[in-house]
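Enquirer: This structure is in structure tokens; I'll ask about it shortly.
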Amino acid sequence: MKNILAFFLGIFSIYGVKISTKPPASTYQYNGNFYWKIGKSNDYYKGDLHRTLFNDYPICVYRDRNNTINAISDICVHRGAALSFGKLLENNCIQCPYHGWEYNEGMIKTIPGCPDMKGKIGTPRFETKEINGDIYLCPTYDLNSQHGIIANNGIYIPPEASNSKFVRISGKKHIKRPNFLVTENVLDMMHISYVHTFGNQVSPIPFEIKYEDIDEFSGKTTFHYTAGATSMSAIIGNAKEVKVENEFYLPDTTVTRVFAGNIVKTIVTHCYPIGKNESILYYDLYRNFLTYPIFDGLFYKQMDITLKEDVGILNTIYDNHIRGFMTTKYDITQLKYREKWNKKFIKEKPPKKEIE
Ligand code: FES
Ligand SMILES: [Fe+2]
């Protein structure tokens, strides 16, 4: 219904003048109609233009003079120059670096030397949200022409974000592997002992494991382990047992929450596709122990080592066999993530590129 309404609104503006944006919605609307995390709030200074490739589609993301995050297609409708190489003027317009055309929220305001050119023409403008210090983008729906597919997922914010007992560190890694492979790796508990140096070497197999659906976009598996004698859980948390909750929220979010005694460490990741074999992974690590900032370095170091180890193993996976041939009960979270992704895609529109 929403889409039908958007379609009619898109044909006629309130004045009956057709709003036209280029390139057409078919070039970007199959990216999966979700919100994706594409940046950290404090990386966006007023007036800086960020060229963001989302699934090979270039988007110019910037904080305008009113402090609002905007995301417009980076392709100038005149001769295709990259708008992100232009600048944000005092009048809040982006000026194309090639022939100076000015765009206000993606719509052309001024064409130098051509005051008579009429019509409502511009670039697609994508919806953004700024929540919990992060920037989210829906790269499938054009607010200007009102074409494309509207996102209908909520944005997951972990309860740790508003719990004063927790502190947070964040980071980012550029990984030359597909985003779904990176995400599924974070939903894969069984690799931890074999790939990671901080893994539980003594009892790598959980003695209990249970999956539950959260809703149509998310699910959760709970694992119970025996704590390794030399693990952080045993040493700091004095725990004999460790519980791990591993959750996913389509399209890009994973949560790994480790409980050991009273200590809780939660790692939240978001991974979006730059292109077919390239992605950006963001992580947030929340902890309710060793909360003084002096300990941050320890956790940054741990994340740095962990991600290097993950990338190391992901690089060994054969491109043509990225899905493997067999699965076990321990792969349930990844399989459910994949299943929900496919269901969602099929419901919206037959996908061009589907994760199998
Ligand atoms: S290419 Fe942008 S103004 Fe000509
Ligand atoms: Fe890992």
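Scheme for the structure tokens: letters A, B, ... for chains in order shown; per-chain residue numbers from 1; ligand numbers from 1 in order shown.
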Kindly provide, as a list in words, all nucleotide and amino acid residues lying within 8 Å of ligand 2, counting only C-alpha atoms and all ligand atoms.
Expert: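 Residues satisfying the distance criterion: Asn185, Val186, Asp188, Met189, His191, Ile192, Val195, His196, Thr306, Leu307, Glu309 and Asp310 of chain A.
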Enquirer: For chain A against ligand 1, with a cut-off of 8 Å and counting only C-alpha atoms and all ligand atoms, what is the closest atom pair and its distance in Å to one decimal for every residue that makes the cut, ordered by chain and number, as a Markdown table?
Expert:
```
| residue | atom | partner | partner_atom_place_in_ligand_line | distance |
| --- | --- | --- | --- | --- |
| A:Ile75 | CA | ligand 1 | 2 (Fe) | 8.0 |
| A:Cys76 | CA | ligand 1 | 2 (Fe) | 4.6 |
| A:Val77 | CA | ligand 1 | 2 (Fe) | 6.6 |
| A:His78 | CA | ligand 1 | 1 (S) | 4.6 |
| A:Arg79 | CA | ligand 1 | 1 (S) | 3.8 |
| A:Gly80 | CA | ligand 1 | 1 (S) | 5.1 |
| A:Ala81 | CA | ligand 1 | 1 (S) | 4.5 |
| A:Ala82 | CA | ligand 1 | 2 (Fe) | 7.5 |
| A:Leu83 | CA | ligand 1 | 2 (Fe) | 7.1 |
| A:Gln95 | CA | ligand 1 | 3 (S) | 7.8 |
| A:Cys96 | CA | ligand 1 | 2 (Fe) | 4.7 |
| A:Pro97 | CA | ligand 1 | 2 (Fe) | 6.4 |
| A:Tyr98 | CA | ligand 1 | 4 (Fe) | 4.8 |
| A:His99 | CA | ligand 1 | 3 (S) | 3.8 |
| A:Gly100 | CA | ligand 1 | 3 (S) | 5.0 |
| A:Trp101 | CA | ligand 1 | 3 (S) | 4.5 |
| A:Glu102 | CA | ligand 1 | 3 (S) | 7.8 |
| A:Ile111 | CA | ligand 1 | 3 (S) | 7.7 |
```
Enquirer: Pick out each residue of range 232-284 of chain A that DSSP on the backbone tags as helix (DSSP H, G or I); I need them as a PyMOL selection string.
Expert: chain A and resi 232-237
Enquirer: Would you put the residues from that selection into a file with N, CA and C atoms, as a CSV table (one decimal), in the first residue's frame?
Expert:
```csv
chain,number,residue,atom,x,y,z
A,232,MET,N,39.2,-14.9,30.4
A,232,MET,CA,38.9,-13.7,31.1
A,232,MET,C,37.7,-13.9,32.0
A,233,SER,N,36.8,-14.7,31.6
A,233,SER,CA,35.6,-15.0,32.3
A,233,SER,C,35.9,-15.7,33.7
A,234,ALA,N,36.9,-16.6,33.6
A,234,ALA,CA,37.2,-17.3,34.9
A,234,ALA,C,38.0,-16.4,35.8
A,235,ILE,N,39.0,-15.7,35.2
A,235,ILE,CA,39.9,-14.8,36.0
A,235,ILE,C,39.2,-13.6,36.6
A,236,ILE,N,38.5,-12.9,35.7
A,236,ILE,CA,37.8,-11.7,36.2
A,236,ILE,C,36.4,-11.9,36.8
A,237,GLY,N,35.7,-12.8,36.1
A,237,GLY,CA,34.3,-13.0,36.5
A,237,GLY,C,34.2,-14.1,37.5
```
Enquirer: Please provide the set of residues having any atom within 9 Å of range 331-343 of chain A, restricted to only C-alpha atoms, with same-chain residues fewer than 4 positions apart removed, written as a PyMOL selection string.
Expert: chain A and resi 180+183-190+211+213+216-221+246-251+327+347-348+351+354-356
Enquirer: Take the residues from that selection and put them in a file with N, CA and C atoms, as a PDB file, in the first residue's frame.
Expert:
```pdb
ATOM      1  N   PHE A 180      27.904 -10.572   3.639  1.00  0.00           N
ATOM      2  CA  PHE A 180      27.172 -11.651   4.297  1.00  0.00           C
ATOM      3  C   PHE A 180      28.121 -12.699   4.870  1.00  0.00           C
ATOM      4  N   THR A 183      29.280 -11.236   8.152  1.00  0.00           N
ATOM      5  CA  THR A 183      28.205 -11.298   9.151  1.00  0.00           C
ATOM      6  C   THR A 183      28.002 -12.734   9.640  1.00  0.00           C
ATOM      7  N   GLU A 184      27.980 -13.669   8.707  1.00  0.00           N
ATOM      8  CA  GLU A 184      27.772 -15.066   9.120  1.00  0.00           C
ATOM      9  C   GLU A 184      28.925 -15.572   9.988  1.00  0.00           C
ATOM     10  N   ASN A 185      30.110 -15.057   9.736  1.00  0.00           N
ATOM     11  CA  ASN A 185      31.254 -15.463  10.568  1.00  0.00           C
ATOM     12  C   ASN A 185      31.055 -15.040  12.026  1.00  0.00           C
ATOM     13  N   VAL A 186      30.451 -13.868  12.217  1.00  0.00           N
ATOM     14  CA  VAL A 186      30.224 -13.411  13.595  1.00  0.00           C
ATOM     15  C   VAL A 186      29.113 -14.234  14.251  1.00  0.00           C
ATOM     16  N   LEU A 187      28.293 -14.875  13.429  1.00  0.00           N
ATOM     17  CA  LEU A 187      27.218 -15.719  13.967  1.00  0.00           C
ATOM     18  C   LEU A 187      27.674 -17.176  14.080  1.00  0.00           C
ATOM     19  N   ASP A 188      28.961 -17.390  13.963  1.00  0.00           N
ATOM     20  CA  ASP A 188      29.514 -18.737  13.944  1.00  0.00           C
ATOM     21  C   ASP A 188      30.343 -18.934  15.215  1.00  0.00           C
ATOM     22  N   MET A 189      29.764 -19.631  16.182  1.00  0.00           N
ATOM     23  CA  MET A 189      30.444 -19.783  17.475  1.00  0.00           C
ATOM     24  C   MET A 189      31.573 -20.816  17.434  1.00  0.00           C
ATOM     25  N   MET A 190      31.422 -21.804  16.551  1.00  0.00           N
ATOM     26  CA  MET A 190      32.358 -22.923  16.603  1.00  0.00           C
ATOM     27  C   MET A 190      33.758 -22.588  16.100  1.00  0.00           C
ATOM     28  N   TYR A 211      18.098 -22.296  19.925  1.00  0.00           N
ATOM     29  CA  TYR A 211      17.753 -21.185  19.025  1.00  0.00           C
ATOM     30  C   TYR A 211      16.310 -20.766  19.247  1.00  0.00           C
ATOM     31  N   ASP A 213      13.363 -17.749  17.548  1.00  0.00           N
ATOM     32  CA  ASP A 213      13.074 -16.588  16.699  1.00  0.00           C
ATOM     33  C   ASP A 213      12.745 -15.400  17.581  1.00  0.00           C
ATOM     34  N   GLU A 216      10.334 -11.625  12.565  1.00  0.00           N
ATOM     35  CA  GLU A 216      10.610 -12.083  11.197  1.00  0.00           C
ATOM     36  C   GLU A 216      11.968 -11.609  10.672  1.00  0.00           C
ATOM     37  N   PHE A 217      12.588 -10.636  11.366  1.00  0.00           N
ATOM     38  CA  PHE A 217      13.889 -10.147  10.923  1.00  0.00           C
ATOM     39  C   PHE A 217      15.039 -10.560  11.844  1.00  0.00           C
ATOM     40  N   SER A 218      14.719 -11.268  12.912  1.00  0.00           N
ATOM     41  CA  SER A 218      15.789 -11.495  13.893  1.00  0.00           C
ATOM     42  C   SER A 218      15.629 -12.816  14.634  1.00  0.00           C
ATOM     43  N   GLY A 219      16.740 -13.292  15.152  1.00  0.00           N
ATOM     44  CA  GLY A 219      16.744 -14.542  15.906  1.00  0.00           C
ATOM     45  C   GLY A 219      17.901 -14.577  16.879  1.00  0.00           C
ATOM     46  N   LYS A 220      17.882 -15.586  17.741  1.00  0.00           N
ATOM     47  CA  LYS A 220      18.867 -15.618  18.822  1.00  0.00           C
ATOM     48  C   LYS A 220      19.195 -17.055  19.194  1.00  0.00           C
ATOM     49  N   THR A 221      20.474 -17.336  19.370  1.00  0.00           N
ATOM     50  CA  THR A 221      20.877 -18.648  19.869  1.00  0.00           C
ATOM     51  C   THR A 221      21.600 -18.443  21.199  1.00  0.00           C
ATOM     52  N   ASN A 246      23.839 -15.107  21.039  1.00  0.00           N
ATOM     53  CA  ASN A 246      24.282 -14.663  19.725  1.00  0.00           C
ATOM     54  C   ASN A 246      23.021 -14.331  18.924  1.00  0.00           C
ATOM     55  N   GLU A 247      22.896 -13.057  18.577  1.00  0.00           N
ATOM     56  CA  GLU A 247      21.662 -12.605  17.915  1.00  0.00           C
ATOM     57  C   GLU A 247      21.967 -11.990  16.562  1.00  0.00           C
ATOM     58  N   PHE A 248      20.965 -12.006  15.698  1.00  0.00           N
ATOM     59  CA  PHE A 248      21.094 -11.244  14.456  1.00  0.00           C
ATOM     60  C   PHE A 248      19.831 -10.439  14.234  1.00  0.00           C
ATOM     61  N   TYR A 249      20.010  -9.307  13.590  1.00  0.00           N
ATOM     62  CA  TYR A 249      18.895  -8.431  13.218  1.00  0.00           C
ATOM     63  C   TYR A 249      19.153  -8.046  11.772  1.00  0.00           C
ATOM     64  N   LEU A 250      18.287  -8.455  10.875  1.00  0.00           N
ATOM     65  CA  LEU A 250      18.500  -8.119   9.469  1.00  0.00           C
ATOM     66  C   LEU A 250      18.547  -6.609   9.319  1.00  0.00           C
ATOM     67  N   PRO A 251      19.351  -6.111   8.386  1.00  0.00           N
ATOM     68  CA  PRO A 251      20.158  -6.866   7.447  1.00  0.00           C
ATOM     69  C   PRO A 251      21.602  -7.082   7.914  1.00  0.00           C
ATOM     70  N   THR A 327      26.217 -28.669   6.951  1.00  0.00           N
ATOM     71  CA  THR A 327      26.063 -27.838   8.145  1.00  0.00           C
ATOM     72  C   THR A 327      25.824 -28.743   9.353  1.00  0.00           C
ATOM     73  N   LYS A 347       9.604 -11.880  -0.512  1.00  0.00           N
ATOM     74  CA  LYS A 347       8.332 -11.221  -0.240  1.00  0.00           C
ATOM     75  C   LYS A 347       8.250  -9.859  -0.923  1.00  0.00           C
ATOM     76  N   GLU A 348       9.343  -9.116  -0.895  1.00  0.00           N
ATOM     77  CA  GLU A 348       9.325  -7.764  -1.437  1.00  0.00           C
ATOM     78  C   GLU A 348       9.298  -7.758  -2.960  1.00  0.00           C
ATOM     79  N   PRO A 351      14.465 -11.092  -6.075  1.00  0.00           N
ATOM     80  CA  PRO A 351      15.760 -10.421  -6.037  1.00  0.00           C
ATOM     81  C   PRO A 351      16.609 -10.723  -7.262  1.00  0.00           C
ATOM     82  N   GLU A 354      20.461 -12.975  -4.825  1.00  0.00           N
ATOM     83  CA  GLU A 354      19.881 -13.534  -3.619  1.00  0.00           C
ATOM     84  C   GLU A 354      20.966 -14.320  -2.887  1.00  0.00           C
ATOM     85  N   ILE A 355      20.931 -14.238  -1.582  1.00  0.00           N
ATOM     86  CA  ILE A 355      21.862 -15.075  -0.820  1.00  0.00           C
ATOM     87  C   ILE A 355      21.225 -16.440  -0.719  1.00  0.00           C
ATOM     88  N   GLU A 356      21.944 -17.486  -1.083  1.00  0.00           N
ATOM     89  CA  GLU A 356      21.331 -18.827  -1.037  1.00  0.00           C
ATOM     90  C   GLU A 356      21.611 -19.479   0.319  1.00  0.00           C
TER      91      GLU A 356
END
```
Enquirer: Using only C-alpha atoms, find the one residue out of A:Met303, A:Cys138, A:Val242, A:Ile313 that sits nearest to Val268 in chain A.
Expert: A:Met303
Enquirer: Please return, as a compact mmCIF listing (two decimals) with N, CA and C atoms, in the first residue's frame, all residues of range 277-324 of chain A that DSSP assigns to strand (DSSP E or B) on the basis of the backbone.
Expert:
```txt
# COMPACT_ATOMS: atom_id res chain seq x y z
N GLU A 278 33.60 -6.77 -1.02
CA GLU A 278 34.25 -5.75 -0.20
C GLU A 278 33.22 -5.17 0.76
N SER A 279 33.61 -5.04 2.01
CA SER A 279 32.63 -4.51 2.95
C SER A 279 33.29 -3.72 4.07
N ILE A 280 32.45 -3.01 4.79
CA ILE A 280 32.91 -2.28 5.97
C ILE A 280 32.23 -2.89 7.19
N LEU A 281 33.04 -3.26 8.16
CA LEU A 281 32.52 -3.80 9.40
C LEU A 281 32.69 -2.76 10.51
N TYR A 282 31.60 -2.47 11.20
CA TYR A 282 31.68 -1.62 12.40
C TYR A 282 31.48 -2.51 13.61
N TYR A 283 32.21 -2.21 14.67
CA TYR A 283 31.91 -2.93 15.91
C TYR A 283 31.75 -1.94 17.06
N ASP A 284 30.94 -2.36 18.01
CA ASP A 284 30.84 -1.67 19.31
C ASP A 284 31.05 -2.74 20.35
N LEU A 285 31.90 -2.44 21.31
CA LEU A 285 32.09 -3.38 22.41
C LEU A 285 31.62 -2.67 23.68
N TYR A 286 30.61 -3.25 24.32
CA TYR A 286 30.11 -2.71 25.59
C TYR A 286 30.58 -3.66 26.70
N ARG A 287 30.98 -3.08 27.85
CA ARG A 287 31.40 -3.93 28.97
C ARG A 287 30.99 -3.29 30.29
```
Enquirer: With distances taken over only C-alpha atoms, which residue among A:Ile108, A:Leu88, A:Val255, A:Ile205 lies nearest Pro158 in chain A?
Expert: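 Smallest distance to Pro158 in chain A is found for A:Val255.
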Enquirer: Measuring atom to atom with only C-alpha atoms, identify which of A:Ser41, A:Asn152, A:Thr226, A:Thr123 is nearest to Ile19 in chain A.
Expert: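 Between A:Ser41, A:Asn152, A:Thr226, A:Thr123, the residue approaching Ile19 in chain A most closely is A:Thr123.
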Enquirer: Please determine, counting only C-alpha atoms, which residue among A:Arg63, A:Lys173, A:Lys129, A:Lys22 has the shortest atom-to-atom distance to Gly106 in chain A.
Expert: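 Checking each candidate against Gly106 in chain A, we get A:Lys22 as the closest.
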Enquirer: Could you pull the residues within 10 Å of Ile157 in chain A, counting only C-alpha atoms, minus those fewer than 6 positions along the same chain, as a list in words?
Expert: Ile131, Asn132, Thr253 and Val268 of chain A
Enquirer: Determine the nearest neighbour of Tyr300 in chain A from the options A:Leu53, A:Ile267, A:Cys93, A:Ile155, counting only C-alpha atoms.
Expert: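 Using only C-alpha atoms, Tyr300 in chain A sits closest to A:Ile267.
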Enquirer: Val258 in chain A: which residues within 6 Å, counting only C-alpha atoms, same-chain residues fewer than 4 positions away excluded, as a PyMOL selection string?
Expert: chain A and resi 243-244+264-265
Enquirer: Quick one, how far is CA of Leu137 in chain A from CA of Thr27 in chain A?
Expert: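 Between CA of Leu137 in chain A and CA of Thr27 in chain A the gap works out to 16.3 Å.
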Enquirer: Calculated over only C-alpha atoms, which of the candidates A:Asp142, A:Glu245, A:Glu208, A:Glu105 has the smallest distance to Ser26 in chain A?
Expert: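 Among the listed residues, the smallest separation from Ser26 in chain A belongs to A:Asp142.
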Enquirer: Please provide the set of residues having any atom within 12 Å of Ser164 in chain A, restricted to only C-alpha atoms, with same-chain residues fewer than 2 positions apart removed, written as a list in words.
Expert: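 The residues that qualify are Pro159, Glu160, Ala161, Ser162, Phe166, Val167, Arg168, Tyr286, Arg287, Asn288, Phe289 and Thr291 of chain A.
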Enquirer: What is the distance between CA of Gly113 in chain A and CA of Phe85 in chain A, in Å to one decimal?
Expert: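 It comes out at 21.5 Å.
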